[in-house]
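> I am sharing protein.cif, which consists of mmCIF, C-alpha atoms:
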```
data_structure
loop_
_atom_site.label_atom_id
_atom_site.label_comp_id
_atom_site.auth_asym_id
_atom_site.auth_seq_id
_atom_site.Cartn_x
_atom_site.Cartn_y
_atom_site.Cartn_z
CA MET O 1 152.39 134.65 123.98
CA THR O 2 152.28 132.98 120.55
CA PRO O 3 149.82 130.03 120.58
CA LEU O 4 151.25 126.57 120.04
CA LEU O 5 148.39 125.83 117.63
CA GLU O 6 146.26 128.40 115.85
CA ALA O 7 143.50 127.64 113.34
CA ARG O 8 142.28 130.52 111.18
CA ASP O 9 139.11 130.28 109.11
CA LEU O 10 139.45 126.49 108.86
CA ARG O 11 137.06 125.10 106.27
CA THR O 12 136.68 121.44 105.21
CA THR O 13 134.45 120.15 102.43
CA PHE O 14 133.82 116.67 101.02
CA ARG O 15 132.88 115.81 97.45
CA THR O 16 130.04 113.28 97.36
CA ASP O 17 127.78 111.85 94.66
CA ASP O 18 124.99 114.09 95.96
CA GLY O 19 127.04 117.29 96.11
CA VAL O 20 129.54 119.10 98.32
CA VAL O 21 129.27 118.67 102.10
CA THR O 22 130.69 121.52 104.18
CA ALA O 23 131.70 119.75 107.38
CA ILE O 24 133.74 122.63 108.83
CA ASP O 25 132.59 126.12 107.93
CA GLY O 26 135.23 128.71 108.79
CA ILE O 27 136.18 128.11 112.42
CA SER O 28 139.06 129.76 114.30
CA PHE O 29 140.67 128.91 117.64
CA SER O 30 144.04 128.61 119.37
CA VAL O 31 145.71 126.46 122.04
CA GLU O 32 148.62 127.42 124.29
CA ARG O 33 151.33 125.02 125.45
CA GLY O 34 150.24 123.29 128.66
CA GLN O 35 146.58 124.13 128.00
CA THR O 36 143.64 121.82 127.28
CA LEU O 37 140.95 122.93 124.82
CA GLY O 38 137.67 121.03 124.80
CA ILE O 39 135.66 120.80 121.57
CA VAL O 40 132.09 119.72 122.28
CA GLY O 41 128.90 119.12 120.31
CA GLU O 42 126.56 116.42 119.09
CA SER O 43 127.53 113.79 116.54
CA GLY O 44 127.83 115.49 113.17
CA SER O 45 128.82 118.86 114.60
CA GLY O 46 132.29 118.69 113.04
CA LYS O 47 134.42 117.82 116.09
CA SER O 48 136.26 114.82 114.65
CA VAL O 49 136.62 116.38 111.19
CA THR O 50 138.33 119.33 112.87
CA SER O 51 140.91 117.04 114.47
CA LEU O 52 141.47 115.05 111.26
CA SER O 53 141.85 118.29 109.29
CA ILE O 54 144.61 119.38 111.68
CA MET O 55 146.34 116.00 111.46
CA GLY O 56 146.02 115.78 107.67
CA LEU O 57 144.29 112.40 107.86
CA LEU O 58 141.28 113.06 105.61
CA PRO O 59 140.50 111.12 102.42
CA GLN O 60 141.21 112.49 98.95
CA SER O 61 137.58 113.55 98.59
CA ALA O 62 138.20 116.26 101.21
CA THR O 63 139.37 119.81 100.57
CA VAL O 64 140.81 121.83 103.45
CA SER O 65 141.34 125.58 103.30
CA GLY O 66 142.30 128.29 105.76
CA SER O 67 145.37 128.00 107.98
CA VAL O 68 146.50 125.79 110.86
CA PHE O 69 149.75 127.01 112.42
CA LEU O 70 151.70 124.63 114.64
CA GLY O 71 154.66 126.39 116.20
CA GLY O 72 154.33 129.10 113.54
CA ARG O 73 154.32 126.67 110.59
CA ASP O 74 151.19 126.36 108.44
CA LEU O 75 150.18 122.68 108.11
CA ILE O 76 147.55 123.21 105.41
CA GLY O 77 148.95 122.35 102.00
CA LEU O 78 152.10 120.67 103.27
CA PRO O 79 153.21 117.62 101.22
CA ASP O 80 152.30 114.25 102.72
CA ALA O 81 155.97 113.45 103.35
CA GLU O 82 156.34 116.59 105.47
CA LEU O 83 153.14 115.89 107.40
CA ARG O 84 154.27 112.35 108.18
CA LYS O 85 157.40 113.76 109.85
CA ILE O 86 155.24 116.05 111.99
CA ARG O 87 152.57 113.46 112.90
CA GLY O 88 153.68 111.36 115.85
CA ASN O 89 156.60 113.66 116.49
CA GLU O 90 155.27 117.22 116.98
CA MET O 91 151.60 116.25 117.18
CA ALA O 92 149.85 112.98 117.93
CA MET O 93 146.31 111.67 118.18
CA ILE O 94 144.43 109.23 120.41
CA PHE O 95 141.43 107.69 118.68
CA GLN O 96 138.12 106.68 120.23
CA ASP O 97 138.46 102.91 119.78
CA PRO O 98 141.97 101.61 120.49
CA MET O 99 141.10 98.13 119.22
CA THR O 100 140.69 99.49 115.68
CA SER O 101 143.83 101.65 116.02
CA LEU O 102 146.16 98.87 117.19
CA ASN O 103 147.17 96.16 114.74
CA PRO O 104 145.89 92.82 116.12
CA VAL O 105 148.65 90.73 114.48
CA TYR O 106 151.60 92.56 116.09
CA THR O 107 152.56 92.74 119.74
CA VAL O 108 152.09 95.99 121.60
CA GLY O 109 155.87 96.20 122.01
CA TRP O 110 156.48 95.92 118.26
CA GLN O 111 153.98 98.70 117.55
CA LEU O 112 155.37 101.02 120.22
CA GLU O 113 158.95 100.47 119.11
CA GLU O 114 158.02 101.12 115.47
CA ALA O 115 156.36 104.45 116.40
CA ILE O 116 159.51 105.47 118.29
CA ARG O 117 162.10 104.42 115.70
CA ILE O 118 160.27 106.19 112.87
CA HIS O 119 160.86 109.55 114.55
CA GLN O 120 163.92 109.03 116.73
CA ASP O 121 167.46 107.84 116.02
CA MET O 122 167.32 104.77 118.26
CA ASN O 123 168.38 101.15 117.85
CA GLY O 124 166.12 98.26 118.82
CA SER O 125 167.22 97.97 122.44
CA GLN O 126 166.92 101.74 123.01
CA ALA O 127 163.43 101.79 121.49
CA ARG O 128 162.45 98.86 123.70
CA ARG O 129 163.64 100.65 126.83
CA ARG O 130 161.71 103.74 125.80
CA SER O 131 158.61 101.58 125.24
CA GLN O 132 158.96 100.11 128.74
CA GLU O 133 159.29 103.61 130.20
CA MET O 134 156.14 104.80 128.41
CA LEU O 135 154.04 101.81 129.52
CA ALA O 136 155.18 102.41 133.07
CA ALA O 137 154.38 106.13 132.73
CA VAL O 138 150.77 105.38 131.80
CA GLY O 139 150.34 102.98 134.71
CA ILE O 140 150.61 99.57 133.04
CA PRO O 141 152.22 97.09 135.49
CA ASN O 142 155.02 94.71 134.45
CA PRO O 143 155.75 96.70 131.27
CA ASP O 144 158.55 94.38 130.12
CA ASP O 145 156.19 91.39 130.06
CA ARG O 146 153.24 93.37 128.66
CA LEU O 147 155.27 94.47 125.63
CA LYS O 148 155.12 90.84 124.50
CA ASN O 149 151.31 90.76 124.57
CA TYR O 150 148.90 91.36 121.70
CA PRO O 151 146.15 94.02 121.84
CA HIS O 152 143.40 91.47 122.53
CA GLU O 153 145.20 90.47 125.72
CA PHE O 154 144.58 93.94 127.22
CA SER O 155 141.36 95.31 128.68
CA GLY O 156 139.69 98.31 127.04
CA GLY O 157 141.17 100.71 129.59
CA MET O 158 144.64 99.19 129.23
CA ARG O 159 144.46 99.41 125.43
CA GLN O 160 143.61 103.09 125.75
CA ARG O 161 146.63 103.52 128.02
CA VAL O 162 148.77 101.86 125.34
CA MET O 163 147.44 104.35 122.78
CA ILE O 164 148.28 107.24 125.10
CA ALA O 165 151.78 105.80 125.63
CA MET O 166 152.25 105.52 121.86
CA ALA O 167 150.99 109.07 121.29
CA LEU O 168 153.34 110.52 123.93
CA ALA O 169 156.38 108.35 123.16
CA ASN O 170 158.03 111.08 121.06
CA ASN O 171 157.10 113.97 123.39
CA PRO O 172 154.72 115.72 120.98
CA LYS O 173 153.90 119.38 121.50
CA LEU O 174 150.22 118.75 120.73
CA LEU O 175 148.03 115.79 121.70
CA ILE O 176 144.57 115.41 120.14
CA ALA O 177 142.24 113.03 121.98
CA ASP O 178 139.08 112.09 120.06
CA GLU O 179 136.49 110.75 122.54
CA PRO O 180 139.19 108.75 124.40
CA THR O 181 136.91 107.66 127.25
CA THR O 182 133.58 107.03 125.50
CA ALA O 183 133.77 103.21 125.49
CA LEU O 184 135.15 102.96 129.04
CA ASP O 185 133.39 102.44 132.35
CA VAL O 186 133.17 105.37 134.76
CA THR O 187 136.06 104.24 136.98
CA THR O 188 138.41 103.67 134.04
CA GLN O 189 137.33 106.96 132.50
CA ALA O 190 138.31 108.82 135.67
CA GLN O 191 141.70 107.05 135.66
CA ILE O 192 142.35 107.97 132.02
CA LEU O 193 141.45 111.63 132.62
CA GLU O 194 143.72 111.78 135.67
CA LEU O 195 146.48 110.15 133.61
CA MET O 196 146.12 112.74 130.83
CA ARG O 197 146.15 115.56 133.36
CA ASN O 198 149.38 114.26 134.92
CA LEU O 199 151.07 113.61 131.58
CA ARG O 200 150.14 117.09 130.35
CA SER O 201 151.98 118.54 133.34
CA GLU O 202 154.95 116.20 132.91
CA PHE O 203 155.44 116.71 129.17
CA ASP O 204 154.04 120.31 129.01
CA SER O 205 151.96 119.29 125.99
CA ALA O 206 148.85 121.06 124.76
CA ILE O 207 145.75 118.87 124.51
CA ILE O 208 142.67 119.15 122.32
CA MET O 209 139.92 117.03 123.88
CA ILE O 210 137.14 116.07 121.43
CA THR O 211 134.07 115.02 123.38
CA HIS O 212 130.29 115.20 123.71
CA ASP O 213 130.57 115.03 127.50
CA LEU O 214 130.55 118.41 129.24
CA GLY O 215 131.47 116.66 132.48
CA VAL O 216 134.82 115.70 130.93
CA VAL O 217 135.30 119.29 129.75
CA ALA O 218 134.62 120.65 133.24
CA GLU O 219 137.15 118.26 134.75
CA LEU O 220 140.04 118.56 132.29
CA CYS O 221 139.81 121.69 130.12
CA GLU O 222 140.53 125.40 130.55
CA GLU O 223 138.92 126.55 127.29
CA VAL O 224 135.94 125.16 125.37
CA LEU O 225 134.70 125.41 121.79
CA VAL O 226 131.01 124.57 121.34
CA MET O 227 130.35 123.44 117.76
CA TYR O 228 127.09 123.01 115.89
CA GLY O 229 126.59 122.23 112.22
CA GLY O 230 130.26 122.74 111.40
CA ARG O 231 130.38 126.20 112.98
CA VAL O 232 131.34 127.65 116.35
CA ALA O 233 128.29 128.48 118.45
CA GLU O 234 130.22 129.65 121.52
CA GLN O 235 133.77 129.67 122.79
CA GLY O 236 135.53 130.86 125.92
CA PRO O 237 136.98 129.83 129.29
CA VAL O 238 135.29 126.76 130.77
CA ASP O 239 134.35 128.54 133.99
CA ARG O 240 132.65 131.31 132.00
CA ILE O 241 130.78 128.91 129.73
CA PHE O 242 129.39 126.99 132.71
CA ALA O 243 128.61 130.10 134.76
CA GLN O 244 127.23 132.29 131.97
CA PRO O 245 126.44 130.28 128.81
CA SER O 246 125.28 132.64 126.07
CA HIS O 247 124.08 130.50 123.14
CA PRO O 248 120.78 128.55 123.08
CA TYR O 249 122.60 125.43 121.91
CA THR O 250 124.97 125.61 124.89
CA TRP O 251 121.92 125.98 127.15
CA GLY O 252 120.51 122.80 125.63
CA LEU O 253 123.74 120.86 126.19
CA LEU O 254 124.03 122.01 129.79
CA SER O 255 120.36 121.36 130.54
CA SER O 256 120.68 117.79 129.25
CA MET O 257 123.28 116.94 131.90
CA PRO O 258 122.26 115.12 135.10
CA SER O 259 121.86 117.62 137.93
CA ARG O 260 122.13 117.32 141.68
CA ALA O 261 120.52 120.72 142.14
CA GLN O 262 117.18 119.80 140.62
CA GLY O 263 115.34 116.56 141.29
CA ARG O 264 114.15 115.83 137.76
CA ASP O 265 112.64 112.52 136.74
CA ARG O 266 113.65 113.04 133.10
CA LEU O 267 116.59 114.76 131.45
CA THR O 268 115.90 117.77 129.27
CA SER O 269 116.59 117.12 125.57
CA ILE O 270 117.09 119.40 122.58
CA PRO O 271 114.15 118.88 120.20
CA GLY O 272 114.80 117.81 116.62
CA SER O 273 117.99 116.51 115.03
CA PRO O 274 121.31 118.03 113.91
CA PRO O 275 121.16 119.61 110.45
CA SER O 276 122.13 117.97 107.18
CA LEU O 277 125.50 119.41 106.16
CA LEU O 278 124.64 118.70 102.54
CA TYR O 279 121.42 120.73 102.73
CA PRO O 280 121.80 122.97 105.80
CA PRO O 281 118.89 125.23 106.83
CA ALA O 282 118.89 128.85 105.76
CA GLY O 283 120.11 131.34 108.34
CA CYS O 284 121.48 130.15 111.66
CA ARG O 285 121.91 126.37 111.51
CA PHE O 286 120.38 125.94 114.95
CA ASN O 287 117.22 127.91 114.15
CA PRO O 288 114.94 124.88 113.39
CA ARG O 289 115.56 123.57 116.93
CA CYS O 290 115.80 126.85 118.83
CA THR O 291 113.09 127.98 121.28
CA PHE O 292 114.15 131.61 120.87
CA VAL O 293 114.20 131.74 117.04
CA SER O 294 113.38 135.06 115.35
CA ASP O 295 113.01 136.21 111.74
CA ALA O 296 116.65 137.32 111.69
CA CYS O 297 117.76 133.80 112.67
CA ARG O 298 116.04 132.35 109.60
CA VAL O 299 117.70 134.80 107.21
CA ASP O 300 121.17 135.72 108.49
CA PRO O 301 123.57 132.89 107.58
CA GLY O 302 125.83 133.99 110.43
CA PRO O 303 125.55 135.46 112.84
CA ALA O 304 129.21 136.30 113.37
CA LEU O 305 130.84 135.51 116.69
CA ARG O 306 130.71 138.47 119.04
CA GLN O 307 132.04 139.20 122.49
CA VAL O 308 129.78 138.69 125.51
CA GLU O 309 129.15 142.15 126.93
CA ASP O 310 130.29 141.59 130.53
CA ALA O 311 133.10 139.08 129.90
CA GLY O 312 135.46 141.06 132.13
CA GLY O 313 138.27 141.14 129.59
CA LEU O 314 138.09 137.40 128.91
CA ASP O 315 137.65 136.11 125.36
CA HIS O 316 134.10 134.76 125.63
CA ARG O 317 132.26 134.89 122.29
CA PHE O 318 129.01 133.55 120.90
CA ALA O 319 127.04 133.58 117.63
CA CYS O 320 123.41 134.54 118.32
CA HIS O 321 120.96 137.41 117.66
CA LEU O 322 119.21 137.06 121.02
CA ASP O 323 118.91 140.24 123.11
CA ALA O 324 121.11 140.66 126.17
CA ALA O 325 118.30 140.67 128.75
CA THR O 326 116.93 137.30 127.60
CA ARG O 327 120.41 135.79 127.39
CA VAL O 328 121.33 136.88 130.91
CA ALA O 329 118.08 135.54 132.37
CA GLU O 330 118.32 132.19 130.57
CA ALA O 331 122.02 131.83 131.38
CA ALA O 332 121.23 132.31 135.07
CA ARG O 333 118.51 129.67 134.91
CA VAL O 334 120.71 127.11 133.15
CA ALA O 335 123.80 127.83 135.25
CA GLY O 336 121.73 127.17 138.38
CA GLN O 337 121.48 123.49 137.37
CA GLU O 338 124.54 122.11 139.09
CA PRO O 339 126.04 119.40 136.83
CA ALA O 340 126.83 116.03 138.33
CA SER O 341 130.55 115.30 138.25
#
```
Just dump the structure as structure tokens.

Amino acid sequence: MTPLLEARDLRTTFRTDDGVVTAIDGISFSVERGQTLGIVGESGSGKSVTSLSIMGLLPQSATVSGSVFLGGRDLIGLPDAELRKIRGNEMAMIFQDPMTSLNPVYTVGWQLEEAIRIHQDMNGSQARRRSQEMLAAVGIPNPDDRLKNYPHEFSGGMRQRVMIAMALANNPKLLIADEPTTALDVTTQAQILELMRNLRSEFDSAIIMITHDLGVVAELCEEVLVMYGGRVAEQGPVDRIFAQPSHPYTWGLLSSMPSRAQGRDRLTSIPGSPPSLLYPPAGCRFNPRCTFVSDACRVDPGPALRQVEDAGGLDHRFACHLDAATRVAEAARVAGQEPAS
């Protein structure tokens, strides 16, 4: 099956006064229709830049190379006019803070109707009916009345629902959600995730979920991409990553989650800080923080992604020099820490 979205050797750099920052350093991945891919990592790992590179929403100081195929068409290098036709129609994005994404001086109805009429041949009354349908689809009561309200008249969870309605109004093939539940309380977060799961089934859209929360990944995603320092540290099916994580950085992320299996007074943390992308460390970018660092890690700028030995035919890959025996033992230890849902 041909993937709906396929990124090949995606690389994004930014020109700054201090030099060139390589925010994305040659990553590759794909997403099938009806599938959800989670992209996880700390702040500065390149998650959001990946999504903005796909959408073509980066500033002029950015340079993007490689390929991003959506339905077989390469998005990299397309003129802005062509990208604008694709954005909101074939692919759409939900941003982390809906209050900064919605215009405070226009009603929610006006903004929804504008997003619909830009991409569909509808008159005002048709666009309004479609807006009502979308607000109802995302669980907002009294949609006809709520279309007359301004963004500040909605709660945080309701504003996020409006953003989801706007993103799905034109039935996009691909939905990118950048930390859509970070600012929400736990109950609202669960409602938003359930909503996205249901809408994915209804519209048969593919979803890329950008998050730092592995609990969200476990609940919503089938595949996961673990990023560190602009590179892929590990990627594979979610069940495999949780059951047999193979990269020290993934171990650190999993160990930092609350666990019901172990009664710990303190959460485990990864020592140190993420690397500077302007002056990254030599060798593996995780080596200054890694407990298992070796001489090869400090020299080899890779290592290249390789298949986990006993993946059982699944595409489970990681980028680490560590020997198999140590990886298996550590994976078993980490996987035994049952994450709290």
> Determine the residue set returned by the PyMOL selection byres ((chain O and resi 95-111) around 9) for the present structure, and present it as a PyMOL selection string.
chain O and resi 93-94+112-116+128+131-132+144+146-152+156+159-160+162-163+166+176-183
> Stretch 307-334 of chain O near stretch 252-258 of chain O within 12 Å: what's each residue's closest atom pair and its distance in Å to one decimal, counting only C-alpha atoms, ordered by chain then ascending residue number, as CSV?

```
residue,atom,partner,partner_atom,distance
O:Glu330,CA,O:Gly252,CA,10.8
O:Ala331,CA,O:Leu254,CA,10.1
O:Ala332,CA,O:Ser255,CA,11.9
O:Arg333,CA,O:Ser255,CA,9.6
O:Val334,CA,O:Ser255,CA,6.3
```
> Which residues, named as in the file, does the PyMOL selection byres ((chain O and resi 227-241) around 6) pick out? Answer as a PyMOL selection string.
chain O and resi 23-25+41+45-46+222-226+242-245+315-319
> Just want the 9 Å neighbourhood of O:Arg33, counted on all atoms listed in the file, with same-chain residues fewer than 6 positions away dropped. Output as a short mmCIF file (atom, residue, chain, number, x, y, z; two decimals) with C-alpha atoms, keeping the file's coordinate frame.

```cif
data_model
loop_
_atom_site.label_atom_id
_atom_site.label_comp_id
_atom_site.auth_asym_id
_atom_site.auth_seq_id
_atom_site.Cartn_x
_atom_site.Cartn_y
_atom_site.Cartn_z
CA PRO O 3 149.82 130.03 120.58
CA LEU O 4 151.25 126.57 120.04
CA LEU O 5 148.39 125.83 117.63
CA LYS O 173 153.90 119.38 121.50
CA LEU O 174 150.22 118.75 120.73
CA ASP O 204 154.04 120.31 129.01
CA SER O 205 151.96 119.29 125.99
CA ALA O 206 148.85 121.06 124.76
CA ILE O 207 145.75 118.87 124.51
#
```
> Using all atoms listed in the file, which of the listed residues (O:Ile270, O:Thr187, O:Ala325, O:Ser246) sits closest to O:Gln307?
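Using all atoms listed in the file, the shortest distance to O:Gln307 belongs to O:Ser246.
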> Work out how far apart atom CA of O:Ile210 and atom CA of O:Gln189 are and give it in Å to one decimal.
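Straight-line distance from atom CA of O:Ile210 to atom CA of O:Gln189 works out to 14.3 Å.
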> What does the distance between atom CA of O:Arg289 and atom CA of O:Thr250 come to in Å, to one decimal place?
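Separation of atom CA of O:Arg289 and atom CA of O:Thr250: 12.5 Å.
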> Output the residue selection produced by the PyMOL selection byres ((chain O and resi 77) around 12) on the file above, formatted as JSON, numbers by chain.
{"O": [53, 54, 55, 56, 63, 64, 65, 66, 67, 68, 69, 73, 74, 75, 76, 78, 79, 80, 81, 82, 83]}
> How far is it from atom CA of O:Pro288 to atom CA of O:Gly272, in Å with one decimal?
7.8 Å
> Using all atoms listed in the file, which of the listed residues (O:Thr50, O:Thr268, O:Ser276, O:Gln35) sits closest to O:Val20?
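Closest candidate: O:Ser276.
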> Which residue, O:Arg200, O:Arg327, O:His119, O:Arg298, has the smallest gap to O:Trp251 when you use all atoms listed in the file?
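Counting all atoms listed in the file, the residue closest to O:Trp251 is O:Arg327.
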> Restricting the calculation to only C-alpha atoms: of O:Cys290, O:Leu175, O:Cys284, O:Ala324, which residue gets closest to O:Gly302?
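Residue with the minimum atom-to-atom distance to O:Gly302: O:Cys284.
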> Select, from O:Glu153, O:Glu219, O:Asp145, O:Glu133, the residue with the minimum atom-to-atom distance to O:Ala165, counting only C-alpha atoms.
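Checking each of O:Glu153, O:Glu219, O:Asp145, O:Glu133 against O:Ala165, counting only C-alpha atoms, the winner is O:Glu133.
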